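Structure file model_30.txt (compact mmCIF, N, CA and C atoms) is printed below.
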```txt
# COMPACT_ATOMS: atom_id res chain seq x y z
N MET P 228 15.92 28.12 8.95
CA MET P 228 14.79 27.87 9.84
C MET P 228 13.50 28.06 9.04
N ILE P 229 12.60 27.11 9.20
CA ILE P 229 11.35 27.22 8.48
C ILE P 229 10.32 27.92 9.35
N GLY P 230 9.41 28.63 8.69
CA GLY P 230 8.37 29.34 9.41
C GLY P 230 7.28 28.41 9.92
N PHE P 231 6.35 28.98 10.68
CA PHE P 231 5.28 28.20 11.28
C PHE P 231 4.38 27.55 10.23
N VAL P 232 4.02 28.32 9.21
CA VAL P 232 3.14 27.79 8.16
C VAL P 232 3.84 26.67 7.41
N ASN P 233 5.11 26.85 7.11
CA ASN P 233 5.86 25.81 6.43
C ASN P 233 6.01 24.57 7.32
N PHE P 234 6.15 24.77 8.62
CA PHE P 234 6.27 23.64 9.54
C PHE P 234 4.96 22.85 9.59
N VAL P 235 3.84 23.54 9.62
CA VAL P 235 2.54 22.85 9.62
C VAL P 235 2.36 22.09 8.30
N GLU P 236 2.71 22.72 7.20
CA GLU P 236 2.64 22.05 5.89
C GLU P 236 3.56 20.83 5.87
N PHE P 237 4.75 20.97 6.43
CA PHE P 237 5.70 19.86 6.53
C PHE P 237 5.09 18.70 7.31
N LEU P 238 4.51 18.99 8.47
CA LEU P 238 3.91 17.94 9.30
C LEU P 238 2.75 17.24 8.59
N ILE P 239 1.90 18.01 7.94
CA ILE P 239 0.75 17.43 7.25
C ILE P 239 1.21 16.53 6.10
N LEU P 240 2.13 17.01 5.28
CA LEU P 240 2.57 16.22 4.13
C LEU P 240 3.36 14.99 4.55
N VAL P 241 4.16 15.10 5.60
CA VAL P 241 4.90 13.93 6.08
C VAL P 241 3.93 12.92 6.70
N ALA P 242 2.92 13.39 7.44
CA ALA P 242 1.93 12.48 8.01
C ALA P 242 1.16 11.75 6.91
N LEU P 243 0.77 12.47 5.88
CA LEU P 243 0.08 11.82 4.76
C LEU P 243 1.00 10.85 4.03
N GLY P 244 2.28 11.22 3.90
CA GLY P 244 3.25 10.32 3.29
C GLY P 244 3.44 9.05 4.10
N LEU P 245 3.47 9.18 5.44
CA LEU P 245 3.59 8.00 6.29
C LEU P 245 2.35 7.12 6.21
N LEU P 246 1.19 7.73 6.13
CA LEU P 246 -0.05 6.97 5.95
C LEU P 246 -0.02 6.20 4.63
N ALA P 247 0.38 6.87 3.57
CA ALA P 247 0.49 6.22 2.26
C ALA P 247 1.52 5.09 2.31
N LEU P 248 2.64 5.32 2.97
CA LEU P 248 3.68 4.29 3.08
C LEU P 248 3.17 3.09 3.86
N GLY P 249 2.37 3.32 4.88
CA GLY P 249 1.78 2.22 5.63
C GLY P 249 0.84 1.38 4.77
N ILE P 250 0.03 2.04 3.97
CA ILE P 250 -0.89 1.32 3.08
C ILE P 250 -0.09 0.53 2.04
N GLN P 251 0.95 1.14 1.50
CA GLN P 251 1.77 0.46 0.51
C GLN P 251 2.50 -0.74 1.12
N GLY P 252 3.00 -0.58 2.33
CA GLY P 252 3.69 -1.68 3.00
C GLY P 252 2.75 -2.82 3.32
N TRP P 253 1.52 -2.49 3.74
CA TRP P 253 0.52 -3.51 4.03
C TRP P 253 0.20 -4.32 2.77
N ALA P 254 0.01 -3.64 1.66
CA ALA P 254 -0.30 -4.32 0.41
C ALA P 254 0.87 -5.22 -0.02
N LEU P 255 2.09 -4.71 0.09
CA LEU P 255 3.26 -5.50 -0.31
C LEU P 255 3.42 -6.72 0.59
N SER P 256 3.25 -6.56 1.89
CA SER P 256 3.43 -7.70 2.78
C SER P 256 2.36 -8.77 2.54
N ASP P 257 1.13 -8.35 2.23
CA ASP P 257 0.09 -9.32 1.92
C ASP P 257 0.40 -10.05 0.62
N CYS P 258 0.89 -9.33 -0.35
CA CYS P 258 1.22 -9.93 -1.65
C CYS P 258 2.36 -10.94 -1.51
N VAL P 259 3.37 -10.60 -0.73
CA VAL P 259 4.52 -11.49 -0.58
C VAL P 259 4.11 -12.78 0.15
N ARG P 260 3.18 -12.69 1.10
CA ARG P 260 2.77 -13.86 1.87
C ARG P 260 1.80 -14.78 1.12
N THR P 261 1.29 -14.34 -0.01
CA THR P 261 0.31 -15.13 -0.77
C THR P 261 1.03 -16.05 -1.76
N ASN P 262 0.52 -17.26 -1.90
CA ASN P 262 1.09 -18.21 -2.87
C ASN P 262 0.85 -17.74 -4.30
N ALA P 263 1.81 -18.02 -5.17
CA ALA P 263 1.69 -17.63 -6.57
C ALA P 263 0.55 -18.38 -7.25
N ALA P 264 0.28 -19.59 -6.81
CA ALA P 264 -0.80 -20.38 -7.42
C ALA P 264 -2.16 -19.74 -7.17
N ASP P 265 -2.31 -19.05 -6.04
CA ASP P 265 -3.59 -18.40 -5.75
C ASP P 265 -3.89 -17.28 -6.74
N PHE P 266 -2.88 -16.56 -7.17
CA PHE P 266 -3.08 -15.51 -8.16
C PHE P 266 -3.58 -16.10 -9.48
N GLU P 267 -2.99 -17.21 -9.88
CA GLU P 267 -3.41 -17.86 -11.12
C GLU P 267 -4.81 -18.43 -10.99
N ARG P 268 -5.14 -18.93 -9.80
CA ARG P 268 -6.44 -19.55 -9.57
C ARG P 268 -7.58 -18.54 -9.69
N VAL P 269 -7.35 -17.31 -9.29
CA VAL P 269 -8.41 -16.31 -9.34
C VAL P 269 -8.42 -15.51 -10.63
N GLY P 270 -7.43 -15.72 -11.49
CA GLY P 270 -7.42 -15.05 -12.78
C GLY P 270 -6.97 -13.60 -12.73
N LYS P 271 -6.24 -13.24 -11.69
CA LYS P 271 -5.68 -11.88 -11.61
C LYS P 271 -4.27 -11.91 -12.18
N ARG P 272 -3.62 -10.75 -12.20
CA ARG P 272 -2.23 -10.72 -12.67
C ARG P 272 -1.37 -11.62 -11.80
N THR P 273 -0.15 -11.89 -12.24
CA THR P 273 0.72 -12.81 -11.52
C THR P 273 1.26 -12.18 -10.24
N LYS P 274 1.76 -13.03 -9.37
CA LYS P 274 2.37 -12.56 -8.12
C LYS P 274 3.59 -11.70 -8.42
N THR P 275 4.35 -12.09 -9.43
CA THR P 275 5.54 -11.32 -9.80
C THR P 275 5.17 -9.90 -10.21
N PHE P 276 4.11 -9.75 -10.99
CA PHE P 276 3.65 -8.43 -11.41
C PHE P 276 3.28 -7.59 -10.19
N TRP P 277 2.42 -8.13 -9.32
CA TRP P 277 1.97 -7.35 -8.17
C TRP P 277 3.10 -7.06 -7.19
N THR P 278 4.01 -8.01 -7.03
CA THR P 278 5.15 -7.76 -6.14
C THR P 278 6.02 -6.64 -6.69
N ALA P 279 6.27 -6.63 -7.98
CA ALA P 279 7.09 -5.58 -8.58
C ALA P 279 6.41 -4.22 -8.47
N VAL P 280 5.11 -4.17 -8.78
CA VAL P 280 4.38 -2.90 -8.71
C VAL P 280 4.36 -2.37 -7.27
N LEU P 281 4.07 -3.25 -6.33
CA LEU P 281 3.98 -2.81 -4.94
C LEU P 281 5.34 -2.50 -4.33
N ALA P 282 6.39 -3.20 -4.75
CA ALA P 282 7.74 -2.88 -4.28
C ALA P 282 8.16 -1.50 -4.79
N GLY P 283 7.87 -1.21 -6.04
CA GLY P 283 8.13 0.14 -6.56
C GLY P 283 7.32 1.18 -5.84
N SER P 284 6.10 0.84 -5.49
CA SER P 284 5.23 1.74 -4.75
C SER P 284 5.84 2.06 -3.38
N VAL P 285 6.31 1.04 -2.68
CA VAL P 285 6.92 1.26 -1.36
C VAL P 285 8.21 2.06 -1.51
N PHE P 286 8.98 1.80 -2.55
CA PHE P 286 10.22 2.54 -2.77
C PHE P 286 9.96 4.03 -2.94
N PHE P 287 9.01 4.39 -3.80
CA PHE P 287 8.73 5.80 -4.02
C PHE P 287 8.04 6.43 -2.81
N GLY P 288 7.23 5.67 -2.10
CA GLY P 288 6.63 6.18 -0.87
C GLY P 288 7.68 6.45 0.19
N PHE P 289 8.67 5.56 0.30
CA PHE P 289 9.76 5.75 1.25
C PHE P 289 10.59 6.98 0.89
N LEU P 290 10.89 7.14 -0.38
CA LEU P 290 11.65 8.33 -0.81
C LEU P 290 10.88 9.62 -0.51
N TYR P 291 9.56 9.58 -0.71
CA TYR P 291 8.76 10.78 -0.47
C TYR P 291 8.80 11.18 1.00
N VAL P 292 8.90 10.20 1.89
CA VAL P 292 8.91 10.51 3.32
C VAL P 292 10.32 10.80 3.82
N ILE P 293 11.31 10.01 3.42
CA ILE P 293 12.64 10.10 4.03
C ILE P 293 13.41 11.35 3.62
N VAL P 294 13.27 11.79 2.39
CA VAL P 294 14.03 12.96 1.94
C VAL P 294 13.64 14.22 2.71
N PRO P 295 12.36 14.54 2.87
CA PRO P 295 12.01 15.73 3.65
C PRO P 295 12.37 15.61 5.12
N VAL P 296 12.26 14.42 5.69
CA VAL P 296 12.56 14.26 7.11
C VAL P 296 14.05 14.46 7.37
N THR P 297 14.90 13.96 6.49
CA THR P 297 16.34 14.11 6.71
C THR P 297 16.83 15.52 6.43
N THR P 298 16.17 16.23 5.54
CA THR P 298 16.60 17.59 5.21
C THR P 298 15.77 18.67 5.89
N LEU P 299 14.67 18.26 6.56
CA LEU P 299 13.75 19.20 7.21
C LEU P 299 13.23 20.27 6.26
N THR P 300 12.86 19.82 5.07
CA THR P 300 12.24 20.72 4.11
C THR P 300 10.85 20.18 3.79
N VAL P 301 10.00 21.03 3.30
CA VAL P 301 8.65 20.62 2.93
C VAL P 301 8.74 19.64 1.76
N PRO P 302 8.00 18.51 1.82
CA PRO P 302 8.04 17.56 0.70
C PRO P 302 7.63 18.24 -0.60
N PRO P 303 8.27 17.87 -1.68
CA PRO P 303 7.95 18.50 -2.96
C PRO P 303 6.56 18.12 -3.44
N LEU P 304 5.92 19.05 -4.12
CA LEU P 304 4.60 18.80 -4.66
C LEU P 304 4.66 18.40 -6.14
N GLY P 305 5.84 18.08 -6.63
CA GLY P 305 6.02 17.75 -8.04
C GLY P 305 5.98 16.26 -8.30
N MET P 306 7.01 15.77 -8.98
CA MET P 306 7.05 14.37 -9.41
C MET P 306 7.10 13.41 -8.23
N GLY P 307 7.73 13.78 -7.13
CA GLY P 307 7.76 12.90 -5.96
C GLY P 307 6.38 12.60 -5.44
N MET P 308 5.55 13.63 -5.38
CA MET P 308 4.18 13.42 -4.91
C MET P 308 3.37 12.62 -5.93
N ILE P 309 3.59 12.85 -7.20
CA ILE P 309 2.87 12.10 -8.23
C ILE P 309 3.22 10.62 -8.15
N PHE P 310 4.51 10.29 -7.97
CA PHE P 310 4.91 8.90 -7.84
C PHE P 310 4.33 8.28 -6.57
N CYS P 311 4.31 9.03 -5.48
CA CYS P 311 3.73 8.53 -4.23
C CYS P 311 2.23 8.29 -4.39
N LEU P 312 1.53 9.21 -5.03
CA LEU P 312 0.09 9.03 -5.26
C LEU P 312 -0.19 7.85 -6.20
N ALA P 313 0.65 7.69 -7.21
CA ALA P 313 0.48 6.54 -8.11
C ALA P 313 0.72 5.23 -7.36
N GLY P 314 1.70 5.25 -6.46
CA GLY P 314 1.99 4.06 -5.68
C GLY P 314 0.87 3.70 -4.72
N VAL P 315 0.33 4.70 -4.04
CA VAL P 315 -0.76 4.41 -3.10
C VAL P 315 -2.03 4.03 -3.87
N THR P 316 -2.19 4.50 -5.08
CA THR P 316 -3.31 4.08 -5.92
C THR P 316 -3.16 2.61 -6.31
N ALA P 317 -1.95 2.22 -6.69
CA ALA P 317 -1.70 0.81 -7.03
C ALA P 317 -1.94 -0.09 -5.82
N ALA P 318 -1.49 0.36 -4.65
CA ALA P 318 -1.72 -0.41 -3.42
C ALA P 318 -3.21 -0.49 -3.11
N GLY P 319 -3.93 0.59 -3.35
CA GLY P 319 -5.38 0.59 -3.14
C GLY P 319 -6.10 -0.35 -4.08
N VAL P 320 -5.65 -0.41 -5.32
CA VAL P 320 -6.25 -1.35 -6.28
C VAL P 320 -6.01 -2.78 -5.82
N TYR P 321 -4.79 -3.06 -5.36
CA TYR P 321 -4.50 -4.41 -4.88
C TYR P 321 -5.38 -4.75 -3.67
N LEU P 322 -5.46 -3.83 -2.71
CA LEU P 322 -6.20 -4.11 -1.49
C LEU P 322 -7.71 -4.19 -1.72
N ALA P 323 -8.22 -3.42 -2.66
CA ALA P 323 -9.66 -3.38 -2.89
C ALA P 323 -10.14 -4.41 -3.91
N ASP P 324 -9.29 -4.79 -4.84
CA ASP P 324 -9.73 -5.67 -5.92
C ASP P 324 -9.13 -7.07 -5.82
N VAL P 325 -7.84 -7.17 -5.63
CA VAL P 325 -7.16 -8.46 -5.67
C VAL P 325 -7.22 -9.18 -4.33
N ARG P 326 -6.96 -8.49 -3.25
CA ARG P 326 -6.88 -9.12 -1.93
C ARG P 326 -8.19 -9.80 -1.51
N PRO P 327 -9.37 -9.19 -1.69
CA PRO P 327 -10.60 -9.89 -1.30
C PRO P 327 -10.82 -11.20 -2.06
N VAL P 328 -10.49 -11.23 -3.34
CA VAL P 328 -10.66 -12.45 -4.13
C VAL P 328 -9.67 -13.51 -3.66
N LEU P 329 -8.45 -13.09 -3.37
CA LEU P 329 -7.46 -14.04 -2.85
C LEU P 329 -7.87 -14.57 -1.48
N ALA P 330 -8.47 -13.72 -0.66
CA ALA P 330 -8.91 -14.15 0.67
C ALA P 330 -10.01 -15.20 0.56
N GLU P 331 -10.89 -15.07 -0.41
CA GLU P 331 -11.94 -16.08 -0.60
C GLU P 331 -11.33 -17.41 -1.03
N VAL P 332 -10.33 -17.38 -1.87
CA VAL P 332 -9.68 -18.60 -2.32
C VAL P 332 -8.94 -19.26 -1.17
N ARG P 333 -8.33 -18.46 -0.31
CA ARG P 333 -7.60 -19.00 0.85
C ARG P 333 -8.54 -19.44 1.96
N GLY P 334 -9.84 -19.15 1.83
CA GLY P 334 -10.80 -19.55 2.84
C GLY P 334 -10.96 -18.55 3.96
N ARG P 335 -10.50 -17.33 3.77
CA ARG P 335 -10.62 -16.30 4.80
C ARG P 335 -11.52 -15.18 4.34
N GLY P 336 -12.37 -15.45 3.40
CA GLY P 336 -13.25 -14.42 2.88
C GLY P 336 -14.53 -14.30 3.68
N ARG P 337 -15.46 -13.51 3.18
CA ARG P 337 -16.74 -13.32 3.86
C ARG P 337 -17.53 -14.62 3.87
N GLY P 338 -18.26 -14.84 4.92
CA GLY P 338 -19.12 -15.99 5.01
C GLY P 338 -18.43 -17.27 5.42
N GLN P 339 -17.17 -17.21 5.75
CA GLN P 339 -16.42 -18.41 6.10
C GLN P 339 -16.33 -18.61 7.63
N GLN P 340 -16.84 -17.68 8.41
CA GLN P 340 -16.67 -17.73 9.84
C GLN P 340 -17.40 -18.92 10.47
N ASN P 341 -18.61 -19.22 10.03
CA ASN P 341 -19.43 -20.24 10.67
C ASN P 341 -19.53 -21.52 9.85
N ARG P 342 -18.63 -21.75 8.99
CA ARG P 342 -18.69 -22.94 8.15
C ARG P 342 -18.54 -24.18 9.03
N GLY P 343 -19.49 -25.09 8.87
CA GLY P 343 -19.44 -26.33 9.61
C GLY P 343 -20.16 -26.30 10.96
N SER P 344 -20.65 -25.14 11.37
CA SER P 344 -21.35 -25.09 12.65
C SER P 344 -22.84 -25.35 12.45
N SER P 345 -23.53 -25.70 13.52
CA SER P 345 -24.95 -25.99 13.41
C SER P 345 -25.81 -24.75 13.52
N TRP P 346 -25.22 -23.63 13.79
CA TRP P 346 -25.99 -22.39 13.94
C TRP P 346 -26.15 -21.79 12.59
```

Let me see the file written as structure tokens.
Amino acid sequence: MIGFVNFVEFLILVALGLLALGIQGWALSDCVRTNAADFERVGKRTKTFWTAVLAGSVFFGFLYVIVPVTTLTVPPLGMGMIFCLAGVTAAGVYLADVRPVLAEVRGRGRGQQNRGSSW
């Protein structure tokens, strides 16, 4: 049986892990739905590169969340957390740097809302 402090730590770390996993999943799903030609058009890394990086990110994020939940132990603060943080950092780079440029190429970027209107 875990104590109250350990239970609170467990809840906080699992909640942060789930948040990170959500960000990683969002980045991976956006990457998978984007055409490979769009990556080449904007001069970023290839779709294969980003898909592999983000898939690894989701894998380590999933491991960070599922192992503590199934064993009811506090998530480790060692290599598991480092891999999870590296994965969410990679997902953040994709979402902050690559995705906006791809959105502009696809026509869903900023300033595209009123194209063709008289206003």

Find, counting all atoms listed in the file, the residue in P:Val294, P:Val325, P:Ala330, P:Val285 that gets nearest to Leu248 of chain P.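 Among P:Val294, P:Val325, P:Ala330, P:Val285, it is P:Val285 that comes nearest to Leu248 of chain P.
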
Env of segment 231-244 of chain P: 6 Å cut, atoms = only N, CA and C atoms, seq-sep filter 4 positions within chain, self excluded. Answer as a compact mmCIF listing (two decimals) with N, CA and C atoms, keeping the file's coordinate frame.
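Okay, result25.txt is ready:
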```txt
# COMPACT_ATOMS: atom_id res chain seq x y z
N LEU P 248 2.64 5.32 2.97
CA LEU P 248 3.68 4.29 3.08
C LEU P 248 3.17 3.09 3.86
N GLY P 249 2.37 3.32 4.88
CA GLY P 249 1.78 2.22 5.63
C GLY P 249 0.84 1.38 4.77
N VAL P 292 8.90 10.20 1.89
CA VAL P 292 8.91 10.51 3.32
C VAL P 292 10.32 10.80 3.82
N THR P 300 12.86 19.82 5.07
CA THR P 300 12.24 20.72 4.11
C THR P 300 10.85 20.18 3.79
N VAL P 301 10.00 21.03 3.30
CA VAL P 301 8.65 20.62 2.93
C VAL P 301 8.74 19.64 1.76
N PRO P 302 8.00 18.51 1.82
CA PRO P 302 8.04 17.56 0.70
C PRO P 302 7.63 18.24 -0.60
```

Any chance you could work out the axis-aligned box around segment 325-332 of chain P, listed atoms only, 3 Å on each side, giving centre and edge lengths in Å to one decimal, as JSON?
```
{"center_x": -9.4, "center_y": -13.2, "center_z": -2.5, "size_x": 11.1, "size_y": 18.1, "size_z": 12.3}
```

Tell me, which residues of segment 277-340 of chain P carry DSSP alpha helix (DSSP H), written as an NGL selection string? :P and (277-298 or 306-320 or 326-333)

Mind giving me the straight-line distance from atom N of Val315 of chain P to atom CA of Ser284 of chain P in Å, one decimal?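 Value for the atom N of Val315 of chain P-atom CA of Ser284 of chain P distance: 5.8 Å.
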
Atom-to-atom span, atom CA of Val328 of chain P and atom CA of Met308 of chain P, Å: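 Atom CA of Met308 of chain P lies 29.8 Å from atom CA of Val328 of chain P.
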